[in-house]
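A.B. asks: The file below is target.txt, compact mmCIF, C-alpha atoms:
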```txt
# COMPACT_ATOMS: atom_id res chain seq x y z
CA MET A 1 -64.72 -18.27 11.80
CA ASN A 2 -66.64 -19.34 8.68
CA ASP A 3 -68.36 -17.19 6.04
CA LYS A 4 -71.81 -17.64 7.58
CA GLN A 5 -70.60 -16.41 10.97
CA ILE A 6 -68.78 -13.40 9.50
CA ASN A 7 -71.80 -12.47 7.36
CA ALA A 8 -73.92 -12.63 10.50
CA ILE A 9 -71.53 -10.11 12.10
CA VAL A 10 -71.90 -7.86 9.06
CA ALA A 11 -75.69 -8.04 9.33
CA PHE A 12 -75.53 -7.31 13.05
CA ALA A 13 -73.27 -4.32 12.43
CA ASN A 14 -75.94 -2.84 10.18
CA LEU A 15 -78.80 -3.68 12.52
CA LYS A 16 -77.33 -2.74 15.89
CA ASP A 17 -78.67 0.82 15.92
CA CYS A 18 -82.27 -0.16 15.09
CA LYS A 19 -84.78 0.66 17.83
CA ASN A 20 -88.00 -1.14 16.80
CA ASP A 21 -89.30 -3.82 14.46
CA ASN A 22 -90.08 -1.39 11.62
CA SER A 23 -86.68 0.29 11.72
CA MET A 24 -84.99 -3.10 12.04
CA LEU A 25 -86.59 -4.20 8.77
CA SER A 26 -85.46 -0.94 7.18
CA CYS A 27 -81.90 -1.38 8.46
CA PHE A 28 -81.75 -4.98 7.30
CA ASN A 29 -82.53 -3.88 3.75
CA ALA A 30 -80.07 -0.99 3.89
CA LEU A 31 -76.80 -2.81 4.38
CA PHE A 32 -73.47 -1.05 4.11
CA ILE A 33 -71.65 -4.02 2.55
CA THR A 34 -73.42 -6.46 0.21
CA GLY A 35 -72.57 -8.91 -2.54
CA PHE A 36 -69.45 -10.30 -0.92
CA SER A 37 -67.86 -12.93 -3.18
CA GLU A 38 -64.56 -14.47 -4.20
CA ARG A 39 -63.10 -13.51 -7.58
CA LYS A 40 -61.07 -16.18 -9.34
CA ILE A 41 -58.04 -14.78 -11.19
CA PRO A 42 -56.19 -17.07 -13.63
CA GLY A 43 -52.65 -17.76 -12.46
CA PHE A 44 -52.98 -15.83 -9.19
CA LEU A 45 -51.81 -17.83 -6.16
CA GLY A 46 -53.73 -16.02 -3.49
CA VAL A 47 -57.20 -14.88 -2.48
CA CYS A 48 -59.26 -12.14 -4.11
CA TYR A 49 -62.55 -10.89 -2.65
CA GLN A 50 -64.98 -8.23 -3.86
CA CYS A 51 -68.13 -6.52 -2.63
CA ASN A 52 -70.50 -3.62 -3.09
CA PHE A 53 -70.70 -0.90 -0.47
CA TYR A 54 -73.08 2.00 0.11
CA GLU A 55 -71.66 5.09 1.72
CA GLU A 56 -75.11 6.36 2.71
CA ASN A 57 -75.39 3.37 5.08
CA TYR A 58 -71.92 3.79 6.59
CA SER A 59 -71.55 4.50 10.32
CA ASP A 60 -68.39 5.03 12.38
CA SER A 61 -70.04 3.08 15.19
CA ASN A 62 -69.97 -0.11 13.11
CA VAL A 63 -66.31 -0.05 12.07
CA ILE A 64 -65.21 -2.34 14.89
CA TYR A 65 -67.54 -5.07 13.59
CA PHE A 66 -66.11 -4.92 10.10
CA LEU A 67 -62.42 -4.48 10.90
CA GLY A 68 -61.98 -5.79 14.42
CA GLU A 69 -60.49 -2.41 15.36
CA ASN A 70 -61.48 1.24 15.49
CA LEU A 71 -61.29 3.59 12.53
CA HIS A 72 -57.71 4.72 11.94
CA GLU A 73 -57.06 8.10 13.57
CA SER A 74 -56.05 9.64 10.24
CA LEU A 75 -59.58 9.03 8.95
CA VAL A 76 -61.62 10.36 11.85
CA SER A 77 -62.23 13.68 10.08
CA ALA A 78 -62.32 12.26 6.56
CA VAL A 79 -65.33 12.72 4.29
CA LEU A 80 -67.97 9.98 4.27
CA LYS A 81 -66.92 8.60 0.87
CA ARG A 82 -63.31 8.14 1.99
CA LYS A 83 -64.37 6.38 5.21
CA ALA A 84 -66.78 4.08 3.40
CA GLU A 85 -64.34 2.97 0.71
CA PHE A 86 -61.56 2.53 3.26
CA VAL A 87 -63.65 0.30 5.54
CA ALA A 88 -64.99 -1.73 2.61
CA GLY A 89 -61.48 -2.33 1.26
CA ARG A 90 -60.01 -3.19 4.65
CA TYR A 91 -62.95 -5.49 5.35
CA LEU A 92 -62.09 -7.46 2.22
CA ALA A 93 -58.42 -7.46 3.23
CA ARG A 94 -59.34 -8.84 6.63
CA ARG A 95 -61.43 -11.61 5.07
CA ALA A 96 -58.58 -12.50 2.70
CA LEU A 97 -56.01 -12.62 5.50
CA VAL A 98 -58.31 -14.83 7.56
CA ALA A 99 -58.65 -17.17 4.57
CA LEU A 100 -54.86 -17.30 4.25
CA ARG A 101 -54.52 -18.04 8.00
CA ALA A 102 -52.58 -14.88 8.81
CA CYS A 103 -51.81 -14.32 12.49
CA SER A 104 -52.75 -10.64 12.14
CA THR A 105 -55.58 -9.25 10.00
CA SER A 106 -54.81 -5.58 10.58
CA VAL A 107 -53.64 -3.61 7.52
CA GLY A 108 -51.97 -0.33 8.46
CA ILE A 109 -51.62 2.95 6.58
CA GLY A 110 -48.16 3.93 5.39
CA LYS A 111 -46.60 6.72 3.37
CA ASN A 112 -49.00 8.27 0.85
CA ARG A 113 -51.81 6.10 2.27
CA ALA A 114 -50.21 2.88 0.97
CA PRO A 115 -51.42 -0.25 2.84
CA ILE A 116 -48.98 -1.86 5.28
CA TRP A 117 -49.55 -5.61 5.14
CA PRO A 118 -48.75 -8.10 7.90
CA ASP A 119 -45.37 -9.81 7.68
CA SER A 120 -45.17 -12.54 5.01
CA PHE A 121 -48.12 -11.14 3.02
CA LEU A 122 -48.64 -8.83 0.07
CA GLY A 123 -51.88 -7.33 -1.11
CA SER A 124 -53.58 -4.65 -3.13
CA ILE A 125 -56.93 -2.85 -2.78
CA SER A 126 -59.01 -0.91 -5.28
CA HIS A 127 -62.36 0.92 -5.30
CA SER A 128 -64.66 2.22 -7.99
CA LYS A 129 -67.76 4.15 -6.91
CA SER A 130 -69.66 1.59 -4.77
CA PHE A 131 -67.46 -1.41 -5.62
CA ALA A 132 -64.36 -2.66 -3.77
CA ILE A 133 -61.89 -5.43 -4.48
CA CYS A 134 -58.83 -6.80 -2.67
CA ALA A 135 -56.24 -9.44 -3.57
CA VAL A 136 -53.81 -10.89 -1.02
CA THR A 137 -51.11 -13.53 -1.30
CA HIS A 138 -48.07 -14.91 0.53
CA LYS A 139 -44.76 -13.21 -0.23
CA LYS A 140 -43.34 -16.61 -1.11
CA GLU A 141 -45.69 -16.67 -4.13
CA THR A 142 -44.73 -13.28 -5.59
CA ASN A 143 -42.73 -10.18 -4.71
CA ARG A 144 -45.18 -7.73 -6.31
CA ILE A 145 -48.90 -7.29 -6.70
CA GLY A 146 -51.07 -4.45 -7.94
CA ILE A 147 -54.77 -4.49 -8.80
CA ASP A 148 -57.14 -1.86 -10.12
CA ILE A 149 -60.82 -1.58 -10.92
CA GLU A 150 -62.15 1.24 -13.08
CA ASP A 151 -65.52 2.26 -14.46
CA ILE A 152 -65.27 2.58 -18.24
CA LEU A 153 -64.49 6.17 -19.13
CA ASP A 154 -67.03 8.47 -20.70
CA VAL A 155 -66.17 9.37 -24.31
CA GLU A 156 -65.54 13.03 -23.49
CA VAL A 157 -63.48 12.20 -20.40
CA ALA A 158 -61.39 9.83 -22.50
CA LYS A 159 -60.63 12.65 -24.94
CA ASP A 160 -59.65 14.95 -22.08
CA ILE A 161 -57.18 12.60 -20.37
CA VAL A 162 -55.67 10.66 -23.28
CA GLY A 163 -52.58 12.89 -23.39
CA SER A 164 -51.80 12.41 -19.70
CA VAL A 165 -52.22 8.62 -19.86
CA LEU A 166 -50.61 7.58 -23.16
CA THR A 167 -47.19 7.92 -24.71
CA SER A 168 -47.16 8.59 -28.46
CA SER A 169 -46.40 4.92 -29.22
CA GLU A 170 -49.60 3.86 -27.45
CA HIS A 171 -52.01 5.83 -29.65
CA GLN A 172 -52.20 2.82 -31.96
CA PHE A 173 -54.04 0.85 -29.29
CA VAL A 174 -56.88 3.37 -28.87
CA GLY A 175 -57.39 4.34 -32.51
CA SER A 176 -56.36 7.99 -32.36
CA ALA A 177 -55.31 10.63 -29.86
CA THR A 178 -58.26 12.86 -30.80
CA ASN A 179 -60.97 10.20 -30.64
CA PRO A 180 -59.69 7.36 -28.40
CA ASN A 181 -61.61 4.18 -27.81
CA PRO A 182 -62.83 4.68 -24.21
CA VAL A 183 -62.78 0.98 -23.31
CA VAL A 184 -59.19 0.44 -24.45
CA LEU A 185 -58.06 3.71 -22.87
CA THR A 186 -59.68 2.64 -19.59
CA LEU A 187 -57.85 -0.69 -19.83
CA ILE A 188 -54.49 1.04 -20.34
CA PHE A 189 -55.23 3.51 -17.53
CA SER A 190 -56.10 0.63 -15.20
CA ALA A 191 -53.04 -1.43 -16.17
CA LYS A 192 -50.75 1.50 -15.40
CA GLU A 193 -52.52 2.05 -12.07
CA SER A 194 -51.95 -1.62 -11.22
CA LEU A 195 -48.30 -1.30 -12.21
CA PHE A 196 -47.90 1.73 -9.95
CA LYS A 197 -49.39 -0.18 -7.00
CA ALA A 198 -47.16 -3.18 -7.70
CA LEU A 199 -43.96 -1.10 -7.87
CA TYR A 200 -44.60 1.62 -5.31
CA PRO A 201 -43.25 -0.40 -2.33
CA GLU A 202 -39.92 -0.66 -4.20
CA VAL A 203 -39.83 2.83 -5.70
CA GLY A 204 -41.09 4.64 -2.60
CA CYS A 205 -42.39 7.68 -4.49
CA TYR A 206 -44.93 8.65 -7.11
CA PHE A 207 -44.27 8.16 -10.81
CA ASP A 208 -46.67 9.05 -13.61
CA PHE A 209 -48.31 7.19 -16.48
CA HIS A 210 -45.45 8.02 -18.85
CA ALA A 211 -42.97 5.88 -16.89
CA ALA A 212 -44.20 2.81 -18.77
CA ARG A 213 -45.81 1.96 -22.07
CA ILE A 214 -48.02 -0.84 -23.32
CA LYS A 215 -46.20 -3.35 -25.52
CA GLU A 216 -49.04 -5.75 -26.22
CA ILE A 217 -52.73 -6.28 -25.48
CA ASN A 218 -54.05 -9.79 -26.14
CA PHE A 219 -57.86 -9.63 -26.08
CA VAL A 220 -58.14 -13.37 -26.70
CA ASN A 221 -56.17 -14.42 -23.61
CA CYS A 222 -56.94 -11.20 -21.69
CA GLN A 223 -53.26 -10.52 -21.12
CA ILE A 224 -51.36 -7.23 -21.21
CA THR A 225 -47.64 -6.46 -21.29
CA LEU A 226 -45.99 -3.22 -20.15
CA GLU A 227 -42.43 -1.95 -20.50
CA LEU A 228 -40.63 0.63 -18.38
CA ILE A 229 -39.37 3.62 -20.39
CA GLN A 230 -38.14 5.43 -17.28
CA GLU A 231 -35.63 4.06 -14.77
CA LEU A 232 -37.32 3.69 -11.39
CA GLY A 233 -34.53 2.00 -9.43
CA PRO A 234 -31.53 -0.37 -9.57
CA THR A 235 -33.75 -3.37 -10.36
CA LEU A 236 -36.33 -1.39 -12.34
CA ARG A 237 -34.41 -0.26 -15.37
CA VAL A 238 -35.60 0.92 -18.77
CA GLY A 239 -36.79 -2.06 -20.81
CA THR A 240 -38.03 -4.10 -17.83
CA HIS A 241 -41.23 -5.93 -18.78
CA PHE A 242 -44.29 -6.73 -16.68
CA SER A 243 -47.21 -8.99 -17.51
CA GLY A 244 -50.74 -8.83 -16.26
CA VAL A 245 -54.24 -10.10 -16.87
CA PHE A 246 -57.46 -8.18 -17.27
CA GLU A 247 -61.21 -8.63 -17.31
CA LEU A 248 -63.79 -6.50 -19.10
CA ASP A 249 -67.54 -6.28 -18.68
CA SER A 250 -70.14 -3.78 -19.85
CA THR A 251 -69.27 -1.20 -17.17
CA LYS A 252 -65.90 -2.00 -15.60
CA VAL A 253 -62.27 -2.90 -16.28
CA PHE A 254 -60.21 -5.00 -13.87
CA THR A 255 -56.43 -5.45 -14.10
CA ILE A 256 -53.80 -7.19 -12.03
CA ILE A 257 -49.99 -7.05 -12.29
CA THR A 258 -47.78 -9.50 -10.39
```
Take the structure I supplied and represent it as structure tokens, if you would.

C.D. replies:
Amino acid sequence: MNDKQINAIVAFANLKDCKNDNSMLSCFNALFITGFSERKIPGFLGVCYQCNFYEENYSDSNVIYFLGENLHESLVSAVLKRKAEFVAGRYLARRALVALRACSTSVGIGKNRAPIWPDSFLGSISHSKSFAICAVTHKKETNRIGIDIEDILDVEVAKDIVGSVLTSSEHQFVGSATNPNPVVLTLIFSAKESLFKALYPEVGCYFDFHAARIKEINFVNCQITLELIQELGPTLRVGTHFSGVFELDSTKVFTIIT
């Protein structure tokens, strides 16, 4: 199935409940998922897709068209926002798995809501307000992947959370603990979120932002390096380093750790 055919299914999913010509025009302009596109990530040997989604246009009756299956039973009673972001993320995952010629495009829900990927594949999903992104690759290409997308923090929010995100050695990157640079703090927050997603399948439990610290941020090459300062397992000892890349724009921060 090519992109044009799948986009036609998406349009149909948003139009199927329309009853007359006027409402059909209204439905056509009120799509749930829009702006689908591929995101190129330097050095990443896989597929990354992104889209916008609008929870006010979400409908349970259309899930089958986006995912090829019904809404997971654990989400039947979930709030609208949770359903919308879940379906948008899984829709991107399905598109990525199709592009990688996976036999199955279903992504399950595991412990602590972690995605369960089909055999031979690894992936990561992130949402921010009405934006979703998903990266998927073959296990033969990497044994870890974590991505995150964040809206740049408000100045006051940055001041409130700086202590829970940074170790004392990281204050140098944001200027000061009392007046942190919100863009850099968002970048560090996002990088640690990506690291958590990359390591969670191995660790199997939650760990907080203070388990790792930033060693270097290269704004020229858009690269970031983290170091574990807490032992998380036999192969994840103190001093283990991880590298990632990031992208910044006027409103968002994107990070990926592999």

A.B. asks: Name the closest residue to Arg82 of chain A among the candidates A:Ser190, A:Thr255, A:Thr137, A:Ser130; distances are taken between atoms, counting all atoms listed in the file.

C.D. replies: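 Among A:Ser190, A:Thr255, A:Thr137, A:Ser130, it is A:Ser130 that comes nearest to Arg82 of chain A.
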
A.B. asks: For segment 215-220 of chain A, please output as a PDB file with C-alpha atoms, in the coordinates of the input all residues within 9 Å (counting only C-alpha atoms; exclusion window: fewer than 4 positions along the same chain).

C.D. replies:
```
ATOM      1  CA  GLU A 170     -49.600   3.860 -27.450  1.00  0.00           C
ATOM      2  CA  PHE A 173     -54.040   0.850 -29.290  1.00  0.00           C
ATOM      3  CA  ILE A 224     -51.360  -7.230 -21.210  1.00  0.00           C
ATOM      4  CA  THR A 225     -47.640  -6.460 -21.290  1.00  0.00           C
ATOM      5  CA  LEU A 226     -45.990  -3.220 -20.150  1.00  0.00           C
ATOM      6  CA  GLU A 227     -42.430  -1.950 -20.500  1.00  0.00           C
ATOM      7  CA  HIS A 241     -41.230  -5.930 -18.780  1.00  0.00           C
ATOM      8  CA  PHE A 246     -57.460  -8.180 -17.270  1.00  0.00           C
TER       9      PHE A 246
END
```

A.B. asks: Pick from A:Arg237, A:His72, A:Arg113, A:Lys81: nearest to Phe131 of chain A, with only C-alpha atoms counted?

C.D. replies: A:Lys81

A.B. asks: In Å, with one decimal, what is the gap from atom CA of Tyr91 of chain A to atom CA of Val203 of chain A?

C.D. replies: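 A separation of 26.9 Å between them.
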
A.B. asks: Between atom CA of Cys205 of chain A and atom CA of Gly163 of chain A, what is the spacing in Å?

C.D. replies: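 Taking atom CA of Gly163 of chain A as the start and atom CA of Cys205 of chain A as the end point, the length is 22.1 Å.
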
A.B. asks: List the neighbours of Ile147 of chain A out to 10 Å using only C-alpha atoms; skip same-chain residues closer than 4 positions along the sequence, and give me the result as a list in words.

C.D. replies: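 Skipping anything fewer than 4 positions along the chain leaves Gly123, Ser124, Ile125, Ser126, His127, Ile133, Cys134, Ala135, Ser190, Ala191, Lys192, Glu193, Ser194, Leu195, Phe196, Lys197, Ala198, Gly244, Val245, Phe246, Phe254, Thr255, Ile256, Ile257 and Thr258 of chain A.
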